[in-house]
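The file data_15.cif comes next; it holds mmCIF, C-alpha atoms.
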```
data_coords
#
loop_
_atom_site.group_PDB
_atom_site.id
_atom_site.type_symbol
_atom_site.label_atom_id
_atom_site.label_comp_id
_atom_site.auth_asym_id
_atom_site.auth_seq_id
_atom_site.Cartn_x
_atom_site.Cartn_y
_atom_site.Cartn_z
ATOM 1 C CA MET A 1 43.812 38.351 25.309
ATOM 2 C CA ASP A 2 41.997 35.062 24.984
ATOM 3 C CA LEU A 3 38.385 34.800 23.901
ATOM 4 C CA GLU A 4 37.056 33.915 27.349
ATOM 5 C CA ASN A 5 38.646 36.990 28.921
ATOM 6 C CA GLN A 6 37.291 39.159 26.114
ATOM 7 C CA LYS A 7 33.829 37.793 26.847
ATOM 8 C CA ARG A 8 34.196 38.546 30.567
ATOM 9 C CA VAL A 9 35.385 42.100 29.959
ATOM 10 C CA LYS A 10 32.501 42.736 27.570
ATOM 11 C CA GLU A 11 29.967 41.339 30.058
ATOM 12 C CA PHE A 12 31.394 43.429 32.917
ATOM 13 C CA ALA A 13 31.267 46.563 30.761
ATOM 14 C CA GLU A 14 27.626 45.869 29.942
ATOM 15 C CA GLU A 15 26.730 45.080 33.552
ATOM 16 C CA TYR A 16 28.665 47.792 35.391
ATOM 17 C CA GLY A 17 29.293 50.381 32.672
ATOM 18 C CA ALA A 18 32.603 50.878 30.891
ATOM 19 C CA GLU A 19 33.219 54.080 32.833
ATOM 20 C CA ASN A 20 33.341 52.021 36.044
ATOM 21 C CA LEU A 21 35.980 49.510 34.932
ATOM 22 C CA VAL A 22 39.767 49.462 34.996
ATOM 23 C CA VAL A 23 41.680 46.639 33.339
ATOM 24 C CA LEU A 24 44.964 45.648 34.958
ATOM 25 C CA LEU A 25 47.420 43.675 32.825
ATOM 26 C CA GLY A 26 50.559 41.751 33.680
ATOM 27 C CA ALA A 27 51.979 40.725 30.288
ATOM 28 C CA ALA A 28 55.736 40.187 30.160
ATOM 29 C CA GLU A 29 56.331 42.243 27.001
ATOM 30 C CA GLY A 30 55.239 45.660 25.832
ATOM 31 C CA GLU A 31 53.841 44.307 22.580
ATOM 32 C CA ALA A 32 51.707 41.693 24.349
ATOM 33 C CA ALA A 33 50.465 44.261 26.871
ATOM 34 C CA GLY A 34 49.710 46.664 24.029
ATOM 35 C CA LEU A 35 47.696 44.070 22.129
ATOM 36 C CA ALA A 36 45.595 43.295 25.209
ATOM 37 C CA ALA A 37 45.197 47.014 25.945
ATOM 38 C CA GLU A 38 44.104 47.721 22.390
ATOM 39 C CA THR A 39 41.575 44.891 22.621
ATOM 40 C CA VAL A 40 39.782 46.405 25.642
ATOM 41 C CA THR A 41 39.913 49.949 24.317
ATOM 42 C CA ALA A 42 39.575 49.917 20.517
ATOM 43 C CA GLY A 43 38.324 46.360 19.922
ATOM 44 C CA ASP A 44 39.991 43.059 19.087
ATOM 45 C CA PRO A 45 42.615 43.832 16.410
ATOM 46 C CA THR A 46 42.786 40.133 15.451
ATOM 47 C CA PHE A 47 39.075 40.140 14.550
ATOM 48 C CA ALA A 48 38.670 36.797 16.329
ATOM 49 C CA GLY A 49 36.932 37.488 19.619
ATOM 50 C CA PRO A 50 33.834 38.947 21.256
ATOM 51 C CA LEU A 51 35.399 42.422 21.278
ATOM 52 C CA THR A 52 35.821 42.552 17.498
ATOM 53 C CA GLY A 53 34.503 45.951 16.469
ATOM 54 C CA VAL A 54 33.581 46.813 20.078
ATOM 55 C CA GLN A 55 35.238 50.023 21.217
ATOM 56 C CA LEU A 56 34.886 49.982 24.994
ATOM 57 C CA GLY A 57 37.513 52.684 25.611
ATOM 58 C CA LEU A 58 38.342 51.197 29.026
ATOM 59 C CA ARG A 59 41.044 52.495 31.295
ATOM 60 C CA VAL A 60 43.875 49.986 31.098
ATOM 61 C CA TYR A 61 47.177 49.771 32.955
ATOM 62 C CA HIS A 62 50.047 47.359 33.475
ATOM 63 C CA CYS A 63 50.814 46.301 37.051
ATOM 64 C CA CYS A 64 54.410 47.571 36.712
ATOM 65 C CA GLU A 65 53.477 51.117 35.734
ATOM 66 C CA PRO A 66 54.542 53.537 38.488
ATOM 67 C CA GLU A 67 51.044 54.903 39.195
ATOM 68 C CA ILE A 68 49.668 51.378 39.642
ATOM 69 C CA LYS A 69 52.695 50.023 41.479
ATOM 70 C CA ALA A 70 52.171 52.767 44.067
ATOM 71 C CA GLU A 71 48.677 51.418 44.780
ATOM 72 C CA PHE A 72 49.902 47.982 45.905
ATOM 73 C CA ASP A 73 50.908 47.067 49.409
ATOM 74 C CA GLU A 74 54.718 47.149 49.166
ATOM 75 C CA GLU A 75 55.182 43.716 50.746
ATOM 76 C CA VAL A 76 52.655 42.116 48.417
ATOM 77 C CA TYR A 77 54.240 43.754 45.372
ATOM 78 C CA ASP A 78 57.700 42.607 46.429
ATOM 79 C CA GLU A 79 56.477 39.076 47.006
ATOM 80 C CA GLN A 80 54.365 38.725 43.860
ATOM 81 C CA ILE A 81 55.827 40.990 41.173
ATOM 82 C CA SER A 82 59.250 42.453 41.961
ATOM 83 C CA MET A 83 61.243 39.419 40.787
ATOM 84 C CA MET A 84 59.639 39.609 37.344
ATOM 85 C CA GLU A 85 60.088 43.353 37.236
ATOM 86 C CA MET A 86 63.863 42.832 37.188
ATOM 87 C CA VAL A 87 63.714 41.061 33.821
ATOM 88 C CA LEU A 88 60.962 43.114 32.155
ATOM 89 C CA ASP A 89 61.560 46.078 29.883
ATOM 90 C CA ILE A 90 59.467 48.426 32.003
ATOM 91 C CA ASP A 91 60.145 51.454 29.793
ATOM 92 C CA ASP A 92 58.826 49.585 26.753
ATOM 93 C CA ILE A 93 55.733 48.443 28.630
ATOM 94 C CA VAL A 94 55.012 51.948 29.970
ATOM 95 C CA SER A 95 55.514 53.452 26.517
ATOM 96 C CA GLU A 96 53.165 50.942 24.884
ATOM 97 C CA MET A 97 50.479 51.333 27.543
ATOM 98 C CA SER A 98 50.665 55.136 27.479
ATOM 99 C CA SER A 99 50.325 55.152 23.700
ATOM 100 C CA ILE A 100 47.235 52.937 23.771
ATOM 101 C CA ARG A 101 45.602 55.049 26.501
ATOM 102 C CA GLU A 102 46.295 58.282 24.610
ATOM 103 C CA GLN A 103 44.780 56.888 21.423
ATOM 104 C CA TYR A 104 41.772 54.935 22.623
ATOM 105 C CA THR A 105 40.764 55.452 26.259
ATOM 106 C CA LYS A 106 37.456 57.281 26.617
ATOM 107 C CA PHE A 107 37.375 57.652 30.395
#
```
If you convert what's in this file into structure tokens, what do you get?
Amino acid sequence: MDLENQKRVKEFAEEYGAENLVVLLGAAEGEAAGLAAETVTAGDPTFAGPLTGVQLGLRVYHCCEPEIKAEFDEEVYDEQISMMEMVLDIDDIVSEMSSIREQYTKF
């Protein structure tokens, strides 16, 4: 997650309360999604951004996880995401995201 997005997430958490936020990711690999998820839950693991040492504990999901996919309008999902879903390792992404939530999510 780039530094500007870290800054935005931190500002939103301060303004609206971390308990009122959900972060939705769309990274193409489980490892990349996991790194972004860890950043918004446990703090920036690279120690480079505004979330370094900031444990927000936010709820975080990937757009291809079944519980999130079910929330989208089916036509919109098909148009915007389904083509990528065919080449993604969904099981890896779900596993990574679930692990991060179990370890770090507070809400």
Quiz item: For this file, the PyMOL selection byres ((chain A and resi 37) around 12) selects which residues, as a PyMOL selection string?
Solution: chain A and resi 1+6+9+22-27+30-36+38-45+51+55-62+93-94+96-105
Expected file contents, prior selection, C-alpha atoms, as a PDB file, in the frame of the given file:
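After the write, result_17.pdb holds the following:
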```pdb
ATOM      1  CA  MET A   1      43.812  38.351  25.309  1.00  0.00           C
ATOM      2  CA  GLN A   6      37.291  39.159  26.114  1.00  0.00           C
ATOM      3  CA  VAL A   9      35.385  42.100  29.959  1.00  0.00           C
ATOM      4  CA  VAL A  22      39.767  49.462  34.996  1.00  0.00           C
ATOM      5  CA  VAL A  23      41.680  46.639  33.339  1.00  0.00           C
ATOM      6  CA  LEU A  24      44.964  45.648  34.958  1.00  0.00           C
ATOM      7  CA  LEU A  25      47.420  43.675  32.825  1.00  0.00           C
ATOM      8  CA  GLY A  26      50.559  41.751  33.680  1.00  0.00           C
ATOM      9  CA  ALA A  27      51.979  40.725  30.288  1.00  0.00           C
ATOM     10  CA  GLY A  30      55.239  45.660  25.832  1.00  0.00           C
ATOM     11  CA  GLU A  31      53.841  44.307  22.580  1.00  0.00           C
ATOM     12  CA  ALA A  32      51.707  41.693  24.349  1.00  0.00           C
ATOM     13  CA  ALA A  33      50.465  44.261  26.871  1.00  0.00           C
ATOM     14  CA  GLY A  34      49.710  46.664  24.029  1.00  0.00           C
ATOM     15  CA  LEU A  35      47.696  44.070  22.129  1.00  0.00           C
ATOM     16  CA  ALA A  36      45.595  43.295  25.209  1.00  0.00           C
ATOM     17  CA  GLU A  38      44.104  47.721  22.390  1.00  0.00           C
ATOM     18  CA  THR A  39      41.575  44.891  22.621  1.00  0.00           C
ATOM     19  CA  VAL A  40      39.782  46.405  25.642  1.00  0.00           C
ATOM     20  CA  THR A  41      39.913  49.949  24.317  1.00  0.00           C
ATOM     21  CA  ALA A  42      39.575  49.917  20.517  1.00  0.00           C
ATOM     22  CA  GLY A  43      38.324  46.360  19.922  1.00  0.00           C
ATOM     23  CA  ASP A  44      39.991  43.059  19.087  1.00  0.00           C
ATOM     24  CA  PRO A  45      42.615  43.832  16.410  1.00  0.00           C
ATOM     25  CA  LEU A  51      35.399  42.422  21.278  1.00  0.00           C
ATOM     26  CA  GLN A  55      35.238  50.023  21.217  1.00  0.00           C
ATOM     27  CA  LEU A  56      34.886  49.982  24.994  1.00  0.00           C
ATOM     28  CA  GLY A  57      37.513  52.684  25.611  1.00  0.00           C
ATOM     29  CA  LEU A  58      38.342  51.197  29.026  1.00  0.00           C
ATOM     30  CA  ARG A  59      41.044  52.495  31.295  1.00  0.00           C
ATOM     31  CA  VAL A  60      43.875  49.986  31.098  1.00  0.00           C
ATOM     32  CA  TYR A  61      47.177  49.771  32.955  1.00  0.00           C
ATOM     33  CA  HIS A  62      50.047  47.359  33.475  1.00  0.00           C
ATOM     34  CA  ILE A  93      55.733  48.443  28.630  1.00  0.00           C
ATOM     35  CA  VAL A  94      55.012  51.948  29.970  1.00  0.00           C
ATOM     36  CA  GLU A  96      53.165  50.942  24.884  1.00  0.00           C
ATOM     37  CA  MET A  97      50.479  51.333  27.543  1.00  0.00           C
ATOM     38  CA  SER A  98      50.665  55.136  27.479  1.00  0.00           C
ATOM     39  CA  SER A  99      50.325  55.152  23.700  1.00  0.00           C
ATOM     40  CA  ILE A 100      47.235  52.937  23.771  1.00  0.00           C
ATOM     41  CA  ARG A 101      45.602  55.049  26.501  1.00  0.00           C
ATOM     42  CA  GLU A 102      46.295  58.282  24.610  1.00  0.00           C
ATOM     43  CA  GLN A 103      44.780  56.888  21.423  1.00  0.00           C
ATOM     44  CA  TYR A 104      41.772  54.935  22.623  1.00  0.00           C
ATOM     45  CA  THR A 105      40.764  55.452  26.259  1.00  0.00           C
TER      46      THR A 105
END
```
Practice problem: Could you check how far atom CA of A:Lys69 sits from atom CA of A:Glu15, in Å to one decimal? | Solution: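 Atom-to-atom, atom CA of A:Lys69 and atom CA of A:Glu15 are spaced 27.6 Å apart.
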Take every atom of stretch 84-95 of chain A listed in the file, fit an axis-aligned box around them, add 4 Å per side, and give the centre and edge lengths in Å to one decimal as lines of an AutoDock Vina configuration file.
```
center_x = 59.4
center_y = 46.5
center_z = 31.9
size_x = 16.9
size_y = 21.8
size_z = 18.8
```
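With all atoms listed in the file as the atoms that count, the minimum distance from A:Cys63 to the choices A:Ile81, A:Glu29, A:Val76, A:Glu19 is reached by A:Ile81.
Among the candidates A:Glu85, A:Glu11, A:Asp91, A:Glu79, the residue lying nearest to A:Ala28 is A:Glu85 (atoms considered: all atoms listed in the file).
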Exercise. I need the residue set behind the PyMOL selection byres ((chain A and resi 2) around 10) for this file; please write it as a list in words.
Key: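 On the file shown, the PyMOL selection byres ((chain A and resi 2) around 10) covers Met1, Leu3, Glu4, Asn5, Gln6, Lys7, Ala36, Ala48, Gly49 and Pro50 of chain A.
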Missing atoms in stretch 62-96 of chain A: fill them in up to N, CA and C atoms and send the result as a short mmCIF file (atom, residue, chain, number, x, y, z; two decimals), keeping the file's coordinate frame.
```
data_model
loop_
_atom_site.label_atom_id
_atom_site.label_comp_id
_atom_site.auth_asym_id
_atom_site.auth_seq_id
_atom_site.Cartn_x
_atom_site.Cartn_y
_atom_site.Cartn_z
N HIS A 62 49.21 48.52 33.18
CA HIS A 62 50.05 47.36 33.48
C HIS A 62 50.45 47.45 34.94
N CYS A 63 50.53 46.30 35.61
CA CYS A 63 50.81 46.30 37.05
C CYS A 63 52.18 46.89 37.40
N CYS A 64 53.09 47.01 36.44
CA CYS A 64 54.41 47.57 36.71
C CYS A 64 54.51 49.06 36.42
N GLU A 65 53.43 49.68 35.97
CA GLU A 65 53.48 51.12 35.73
C GLU A 65 53.53 51.83 37.09
N PRO A 66 54.33 52.89 37.19
CA PRO A 66 54.54 53.54 38.49
C PRO A 66 53.26 53.92 39.22
N GLU A 67 52.27 54.47 38.52
CA GLU A 67 51.04 54.90 39.20
C GLU A 67 50.24 53.73 39.75
N ILE A 68 50.36 52.57 39.15
CA ILE A 68 49.67 51.38 39.64
C ILE A 68 50.50 50.70 40.73
N LYS A 69 51.79 50.62 40.49
CA LYS A 69 52.70 50.02 41.48
C LYS A 69 52.52 50.71 42.83
N ALA A 70 52.32 52.00 42.83
CA ALA A 70 52.17 52.77 44.07
C ALA A 70 50.90 52.40 44.83
N GLU A 71 49.94 51.80 44.15
CA GLU A 71 48.68 51.42 44.78
C GLU A 71 48.75 50.09 45.54
N PHE A 72 49.75 49.29 45.25
CA PHE A 72 49.90 47.98 45.90
C PHE A 72 50.53 48.12 47.28
N ASP A 73 50.18 47.22 48.16
CA ASP A 73 50.91 47.07 49.41
C ASP A 73 52.34 46.68 49.02
N GLU A 74 53.33 47.36 49.56
CA GLU A 74 54.72 47.15 49.17
C GLU A 74 55.17 45.70 49.38
N GLU A 75 54.79 45.10 50.48
CA GLU A 75 55.18 43.72 50.75
C GLU A 75 54.57 42.75 49.73
N VAL A 76 53.33 42.97 49.39
CA VAL A 76 52.66 42.12 48.42
C VAL A 76 53.31 42.28 47.05
N TYR A 77 53.59 43.51 46.66
CA TYR A 77 54.24 43.75 45.37
C TYR A 77 55.60 43.07 45.33
N ASP A 78 56.38 43.24 46.38
CA ASP A 78 57.70 42.61 46.43
C ASP A 78 57.59 41.10 46.31
N GLU A 79 56.64 40.53 47.00
CA GLU A 79 56.48 39.08 47.01
C GLU A 79 55.97 38.54 45.67
N GLN A 80 55.04 39.25 45.04
CA GLN A 80 54.36 38.72 43.86
C GLN A 80 54.92 39.20 42.51
N ILE A 81 55.50 40.39 42.47
CA ILE A 81 55.83 40.99 41.17
C ILE A 81 57.29 41.41 41.02
N SER A 82 57.93 41.82 42.09
CA SER A 82 59.25 42.45 41.96
C SER A 82 60.31 41.59 41.28
N MET A 83 60.25 40.28 41.46
CA MET A 83 61.24 39.42 40.79
C MET A 83 61.09 39.50 39.27
N MET A 84 59.88 39.50 38.78
CA MET A 84 59.64 39.61 37.34
C MET A 84 60.01 40.99 36.83
N GLU A 85 59.79 41.98 37.64
CA GLU A 85 60.09 43.35 37.24
C GLU A 85 61.56 43.51 36.85
N MET A 86 62.42 42.72 37.47
CA MET A 86 63.86 42.83 37.19
C MET A 86 64.22 42.40 35.77
N VAL A 87 63.40 41.55 35.16
CA VAL A 87 63.71 41.06 33.82
C VAL A 87 62.82 41.67 32.74
N LEU A 88 61.86 42.48 33.12
CA LEU A 88 60.96 43.11 32.16
C LEU A 88 61.55 44.42 31.65
N ASP A 89 61.20 44.78 30.43
CA ASP A 89 61.56 46.08 29.88
C ASP A 89 60.43 47.04 30.25
N ILE A 90 60.53 47.58 31.45
CA ILE A 90 59.47 48.43 32.00
C ILE A 90 59.23 49.66 31.13
N ASP A 91 60.30 50.27 30.64
CA ASP A 91 60.14 51.45 29.79
C ASP A 91 59.33 51.15 28.54
N ASP A 92 59.58 49.99 27.94
CA ASP A 92 58.83 49.58 26.75
C ASP A 92 57.35 49.37 27.09
N ILE A 93 57.11 48.71 28.20
CA ILE A 93 55.73 48.44 28.63
C ILE A 93 55.01 49.76 28.90
N VAL A 94 55.64 50.65 29.64
CA VAL A 94 55.01 51.95 29.97
C VAL A 94 54.74 52.74 28.70
N SER A 95 55.68 52.74 27.78
CA SER A 95 55.51 53.45 26.52
C SER A 95 54.33 52.90 25.72
N GLU A 96 54.25 51.59 25.62
CA GLU A 96 53.16 50.94 24.88
C GLU A 96 51.82 51.24 25.53
#
```
